[in-house]
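What follows is the content of protein27.cif (mmCIF, C-alpha atoms and all ligand atoms).
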data_query
#
loop_
_atom_site.label_atom_id
_atom_site.label_comp_id
_atom_site.auth_asym_id
_atom_site.auth_seq_id
_atom_site.Cartn_x
_atom_site.Cartn_y
_atom_site.Cartn_z
CA MET A 913 113.64 88.92 87.31
CA ALA A 914 113.91 88.44 91.03
CA ILE A 915 112.09 86.86 93.93
CA LEU A 916 111.08 89.72 96.22
CA LYS A 917 110.85 89.79 100.00
CA ILE A 918 107.26 89.54 101.21
CA ALA A 919 106.10 91.94 103.94
CA ARG A 920 104.37 90.27 106.88
CA MET A 921 101.40 91.41 108.94
CA GLY A 922 102.51 94.31 111.13
CA HIS A 923 104.67 95.99 108.49
CA PRO A 924 103.20 99.48 107.88
CA VAL A 925 103.28 99.04 104.08
CA LEU A 926 100.44 96.51 104.46
CA ALA A 927 98.25 98.93 106.39
CA GLY A 928 98.32 101.95 104.09
CA LYS A 929 96.39 102.92 100.97
CA ALA A 930 98.33 102.27 97.76
CA GLU A 931 98.66 104.93 95.04
CA PRO A 932 97.24 104.49 91.51
CA VAL A 933 99.64 103.66 88.68
CA ALA A 934 99.93 106.73 86.44
CA ASP A 935 101.65 105.02 83.48
CA PRO A 936 100.84 101.29 83.13
CA ALA A 937 103.43 100.90 80.35
CA ALA A 938 106.34 102.34 82.39
CA PRO A 939 109.37 100.03 82.46
CA GLU A 940 109.48 100.02 86.27
CA ILE A 941 105.87 98.74 86.39
CA ARG A 942 106.68 96.00 83.88
CA ARG A 943 109.69 94.98 85.99
CA LEU A 944 107.64 95.07 89.21
CA VAL A 945 104.93 92.86 87.67
CA ALA A 946 107.47 90.32 86.35
CA ASP A 947 109.05 90.10 89.82
CA MET A 948 105.63 89.85 91.51
CA ILE A 949 104.65 86.93 89.28
CA GLU A 950 107.93 85.15 89.96
CA THR A 951 107.52 85.77 93.71
CA MET A 952 103.91 84.56 93.74
CA LEU A 953 104.69 81.36 91.82
CA ASP A 954 107.75 80.64 93.98
CA ALA A 955 105.64 81.02 97.13
CA ASN A 956 102.84 78.90 95.64
CA GLY A 957 100.31 81.71 96.11
CA ALA A 958 97.12 82.36 94.11
CA GLY A 959 97.59 86.12 94.19
CA LEU A 960 99.92 88.91 95.22
CA ALA A 961 99.46 92.67 95.64
CA ALA A 962 102.29 95.21 95.25
CA PRO A 963 102.18 96.40 98.90
CA GLN A 964 103.07 92.82 99.89
CA VAL A 965 106.45 93.36 98.20
CA HIS A 966 106.86 96.81 99.81
CA VAL A 967 105.61 98.81 96.79
CA PRO A 968 102.55 100.94 97.65
CA ARG A 969 101.03 100.99 94.14
CA ARG A 970 97.66 99.68 92.90
CA VAL A 971 98.97 96.55 91.18
CA VAL A 972 97.75 92.96 91.68
CA VAL A 973 98.51 89.62 90.04
CA PHE A 974 96.38 86.52 90.55
CA GLN A 975 95.09 83.33 89.05
CA ALA A 976 92.00 81.22 89.68
CA PRO A 977 92.84 77.82 88.25
CA GLU A 978 90.22 75.22 87.48
CA GLU A 979 91.38 72.90 90.27
CA ARG A 980 90.42 75.56 92.86
CA SER A 981 86.83 75.80 91.59
CA ASP A 982 83.86 73.70 92.66
CA PRO A 983 84.09 70.37 90.80
CA GLY A 984 80.29 70.27 90.43
CA LEU A 985 80.20 73.23 88.03
CA SER A 986 79.16 72.93 84.41
CA GLU A 987 81.53 74.02 81.64
CA ALA A 988 79.57 77.27 81.15
CA GLU A 989 79.46 78.10 84.88
CA ARG A 990 83.18 77.49 85.23
CA PHE A 991 83.93 80.50 83.01
CA ASP A 992 83.22 83.09 85.75
CA HIS A 993 84.82 80.90 88.43
CA THR A 994 88.26 80.67 86.81
CA ALA A 995 90.86 83.13 85.53
CA PRO A 996 94.23 82.71 83.86
CA LEU A 997 97.28 84.44 85.33
CA THR A 998 96.11 88.05 85.29
CA VAL A 999 97.84 91.40 85.83
CA LEU A 1000 95.46 94.13 86.96
CA LEU A 1001 96.37 97.77 87.56
CA ASN A 1002 94.15 100.33 89.30
CA PRO A 1003 91.37 97.79 89.95
CA GLU A 1004 87.79 98.62 90.96
CA ILE A 1005 85.25 96.12 92.28
CA GLU A 1006 81.49 96.28 92.32
CA VAL A 1007 79.13 93.73 93.80
CA ALA A 1008 77.20 92.21 90.87
CA GLY A 1009 74.62 90.06 92.62
CA PRO A 1010 73.13 89.10 95.97
CA GLY A 1011 74.62 86.55 98.28
CA VAL A 1012 77.75 86.05 100.31
CA GLU A 1013 79.93 82.98 100.40
CA GLY A 1014 82.26 81.77 103.13
CA GLY A 1015 85.65 80.27 102.45
CA TRP A 1016 89.00 79.58 104.07
CA GLU A 1017 91.68 82.10 103.07
CA GLY A 1018 95.41 82.24 103.48
CA CYS A 1019 97.84 85.06 102.75
CA LEU A 1020 101.57 85.13 102.01
CA SER A 1021 101.78 88.07 104.45
CA VAL A 1022 100.11 86.03 107.22
CA PRO A 1023 102.10 82.81 106.86
CA GLY A 1024 101.00 79.58 108.48
CA LEU A 1025 97.41 80.68 109.20
CA ARG A 1026 93.99 80.20 107.66
CA GLY A 1027 90.83 82.16 108.32
CA TYR A 1028 87.17 81.77 107.41
CA VAL A 1029 85.93 84.87 105.58
CA GLU A 1030 82.53 85.70 104.10
CA ARG A 1031 82.55 87.88 100.99
CA PRO A 1032 80.17 88.82 98.17
CA ALA A 1033 79.89 85.76 95.91
CA HIS A 1034 79.34 87.58 92.62
CA ILE A 1035 81.34 90.64 91.56
CA ARG A 1036 82.45 92.60 88.53
CA TYR A 1037 85.96 94.04 88.45
CA ARG A 1038 87.61 96.49 86.14
CA GLY A 1039 91.12 97.79 85.67
CA VAL A 1040 93.82 98.07 83.03
CA ASP A 1041 96.55 95.71 81.88
CA LEU A 1042 100.24 96.42 81.30
CA GLU A 1043 99.44 98.03 77.95
CA GLY A 1044 96.84 100.30 79.55
CA ARG A 1045 93.99 98.37 77.88
CA PRO A 1046 90.78 98.14 79.91
CA LEU A 1047 89.93 94.78 81.42
CA SER A 1048 86.47 93.96 82.79
CA ARG A 1049 85.31 90.59 84.11
CA VAL A 1050 82.54 89.00 86.10
CA ALA A 1051 83.81 86.73 88.85
CA ARG A 1052 82.26 84.12 91.14
CA GLY A 1053 83.52 81.51 93.57
CA PHE A 1054 87.25 81.31 94.23
CA HIS A 1055 87.88 83.81 91.41
CA ALA A 1056 85.71 86.44 93.16
CA ARG A 1057 87.38 85.66 96.49
CA VAL A 1058 91.00 85.99 95.29
CA VAL A 1059 90.31 89.31 93.51
CA GLN A 1060 88.59 90.80 96.58
CA HIS A 1061 91.41 89.57 98.83
CA GLU A 1062 94.09 91.14 96.59
CA VAL A 1063 92.26 94.45 96.10
CA ASP A 1064 91.79 94.67 99.89
CA HIS A 1065 95.61 94.72 100.15
CA LEU A 1066 95.61 97.96 98.13
CA ASP A 1067 93.42 99.55 100.80
CA GLY A 1068 95.50 98.31 103.71
CA ILE A 1069 93.11 95.48 104.65
CA LEU A 1070 94.26 91.96 105.57
CA TYR A 1071 91.75 89.09 105.63
CA PRO A 1072 91.61 88.75 109.45
CA GLN A 1073 90.01 92.22 109.44
CA ARG A 1074 87.17 90.77 107.31
CA MET A 1075 86.49 87.89 109.68
CA ALA A 1076 83.27 87.69 111.68
CA ASP A 1077 84.58 85.15 114.22
CA LEU A 1078 88.27 85.03 115.18
CA LYS A 1079 87.77 81.48 116.51
CA GLN A 1080 88.02 80.63 112.84
CA LEU A 1081 91.55 82.04 112.59
CA ILE A 1082 93.61 78.86 112.81
CA PHE A 1083 97.02 77.38 112.07
CA GLU A 1084 97.28 75.43 108.82
CA SER A 1085 98.48 72.46 110.84
CA GLU A 1086 95.08 72.37 112.63
CA ALA A 1087 92.95 72.80 109.50
CA ARG A 1088 92.15 69.06 109.50
CA HIS A 1089 89.90 69.53 112.55
CA TRP A 1090 87.76 72.03 110.66
CA LEU A 1091 87.65 70.15 107.38
CA LYS A 1092 86.43 67.09 109.29
CA GLU A 1093 83.60 69.14 110.76
CA GLU A 1094 82.50 70.37 107.32
CA GLU A 1095 82.12 66.86 105.89
NI NI B 1 97.06 88.26 100.87
#
Would you kindly transcribe this structure into structure tokens?
Amino acid sequence: MAILKIARMGHPVLAGKAEPVADPAAPEIRRLVADMIETMLDANGAGLAAPQVHVPRRVVVFQAPEERSDPGLSEAERFDHTAPLTVLLNPEIEVAGPGVEGGWEGCLSVPGLRGYVERPAHIRYRGVDLEGRPLSRVARGFHARVVQHEVDHLDGILYPQRMADLKQLIFESEARHWLKEEE
């Protein structure tokens, strides 16, 4: 296992369309995923897409832990809002319900910044795991946001391109001014 170098905004690998994985069980994919997980955890990220480590393949890893979800949710609601550490190859997303939700996003390829992005609040995603088994889940809240953010990376899209108002692209060190306003 190894911690991989993360590409930063402006590197062409982040702007292109990634290729599907032909053989999910291939040893090089298994190795890539192990390194991506180690890199993501080391960098304290919630998700990572293969192009971010200079590999233009349709591979993402992510997690939506309970502490990132709305504390007001019931036990049953929390199910769609959370996800364990997940490996997803060749993912597809469809919008599953009406409504958009705004939230502050960060990205390991855009270090030091935060941006306010509105995205569909309720999605279904599908893909395959490392054994090639199909995986299909409904996602809401932070879970829906992290999956959409990571899958955007596979299509060469970084979150600032999803922003409606670039005044809401800010340095982390200034986030306190915005959080104050939300209270
Ligand atoms: Ni990102």
Could you tell me, counting all atoms listed in the file, which protein and nucleic acid residues lie no more than 7 Å from ligand NI 1 (chain B), written as a short mmCIF file (atom, residue, chain, number, x, y, z; two decimals) with C-alpha atoms, in the frame of the given file?
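The resulting result.cif:
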data_model
loop_
_atom_site.label_atom_id
_atom_site.label_comp_id
_atom_site.auth_asym_id
_atom_site.auth_seq_id
_atom_site.Cartn_x
_atom_site.Cartn_y
_atom_site.Cartn_z
CA LEU A 960 99.92 88.91 95.22
CA GLY A 1018 95.41 82.24 103.48
CA CYS A 1019 97.84 85.06 102.75
CA LEU A 1020 101.57 85.13 102.01
CA SER A 1021 101.78 88.07 104.45
CA HIS A 1061 91.41 89.57 98.83
CA GLU A 1062 94.09 91.14 96.59
CA HIS A 1065 95.61 94.72 100.15
CA LEU A 1070 94.26 91.96 105.57
#
From the options A:Arg1074, A:Arg1049, A:His1034, A:Lys917, which residue's atoms come nearest to Pro996 in chain A, counting only C-alpha atoms? A:Arg1049
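Note that CA of His1089 in chain A and CA of Asp1077 in chain A are 16.6 Å apart.
Distance check against Ile1069 in chain A using only C-alpha atoms: of A:Arg1036, A:Val925, A:Asn956, A:Thr951, the minimum falls on A:Val925.
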Could you check the closest approach to Arg1026 in chain A for each of A:Asp1041, A:Asp992, A:Glu1084, A:Glu979 and tell me which residue wins, using all atoms listed in the file? A:Glu1084
Mind checking which residues fall within 12 Å of range 931-934 of chain A, counting only C-alpha atoms, ignoring those fewer than 4 positions away in the same chain, and posting them as number ranges by chain? A: 925, 938, 940-942, 944, 962-963, 967-972, 1000-1004, 1039-1042, 1044, 1065-1068
Using C-alpha atoms, can you write the selected residues to a file as an mmCIF file, keeping the file's coordinate frame?
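Below is the file that was written, result28.cif:
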data_model
loop_
_atom_site.group_PDB
_atom_site.id
_atom_site.type_symbol
_atom_site.label_atom_id
_atom_site.label_comp_id
_atom_site.auth_asym_id
_atom_site.auth_seq_id
_atom_site.Cartn_x
_atom_site.Cartn_y
_atom_site.Cartn_z
ATOM 1 C CA VAL A 925 103.280 99.040 104.080
ATOM 2 C CA ALA A 938 106.340 102.340 82.390
ATOM 3 C CA GLU A 940 109.480 100.020 86.270
ATOM 4 C CA ILE A 941 105.870 98.740 86.390
ATOM 5 C CA ARG A 942 106.680 96.000 83.880
ATOM 6 C CA LEU A 944 107.640 95.070 89.210
ATOM 7 C CA ALA A 962 102.290 95.210 95.250
ATOM 8 C CA PRO A 963 102.180 96.400 98.900
ATOM 9 C CA VAL A 967 105.610 98.810 96.790
ATOM 10 C CA PRO A 968 102.550 100.940 97.650
ATOM 11 C CA ARG A 969 101.030 100.990 94.140
ATOM 12 C CA ARG A 970 97.660 99.680 92.900
ATOM 13 C CA VAL A 971 98.970 96.550 91.180
ATOM 14 C CA VAL A 972 97.750 92.960 91.680
ATOM 15 C CA LEU A 1000 95.460 94.130 86.960
ATOM 16 C CA LEU A 1001 96.370 97.770 87.560
ATOM 17 C CA ASN A 1002 94.150 100.330 89.300
ATOM 18 C CA PRO A 1003 91.370 97.790 89.950
ATOM 19 C CA GLU A 1004 87.790 98.620 90.960
ATOM 20 C CA GLY A 1039 91.120 97.790 85.670
ATOM 21 C CA VAL A 1040 93.820 98.070 83.030
ATOM 22 C CA ASP A 1041 96.550 95.710 81.880
ATOM 23 C CA LEU A 1042 100.240 96.420 81.300
ATOM 24 C CA GLY A 1044 96.840 100.300 79.550
ATOM 25 C CA HIS A 1065 95.610 94.720 100.150
ATOM 26 C CA LEU A 1066 95.610 97.960 98.130
ATOM 27 C CA ASP A 1067 93.420 99.550 100.800
ATOM 28 C CA GLY A 1068 95.500 98.310 103.710
#
With all atoms of range 1017-1034 of chain A from the file as input, state the centre and edge lengths in Å to one decimal of the axis-aligned box that has 6 Å extra on each side, as AutoDock Vina command-line options.
--center_x 90.7 --center_y 84.2 --center_z 100.9 --size_x 34.8 --size_y 21.2 --size_z 28.6
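Taking CA of Glu1086 in chain A and CA of Leu1025 in chain A as the two end points, the separation is 9.3 Å.
Across the model, the gap from CA of Ala1033 in chain A to CA of Lys1079 in chain A is 22.5 Å.
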Hey, which of A:Met913, A:Val1029, A:Val1007, A:Ala976 ends up closest to His993 in chain A? Count all atoms listed in the file. A:Ala976
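For the choices A:Ala1051, A:Ala937, A:Val973, A:Val1022, the atom-to-atom distance to Gly1009 in chain A is smallest for A:Ala1051 when using only C-alpha atoms.
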Can you work out which one of A:Ala955, A:Ala930, A:Ala988, A:Leu1047 has the shortest atom-to-atom distance to Leu916 in chain A, counting all atoms listed in the file? A:Ala955
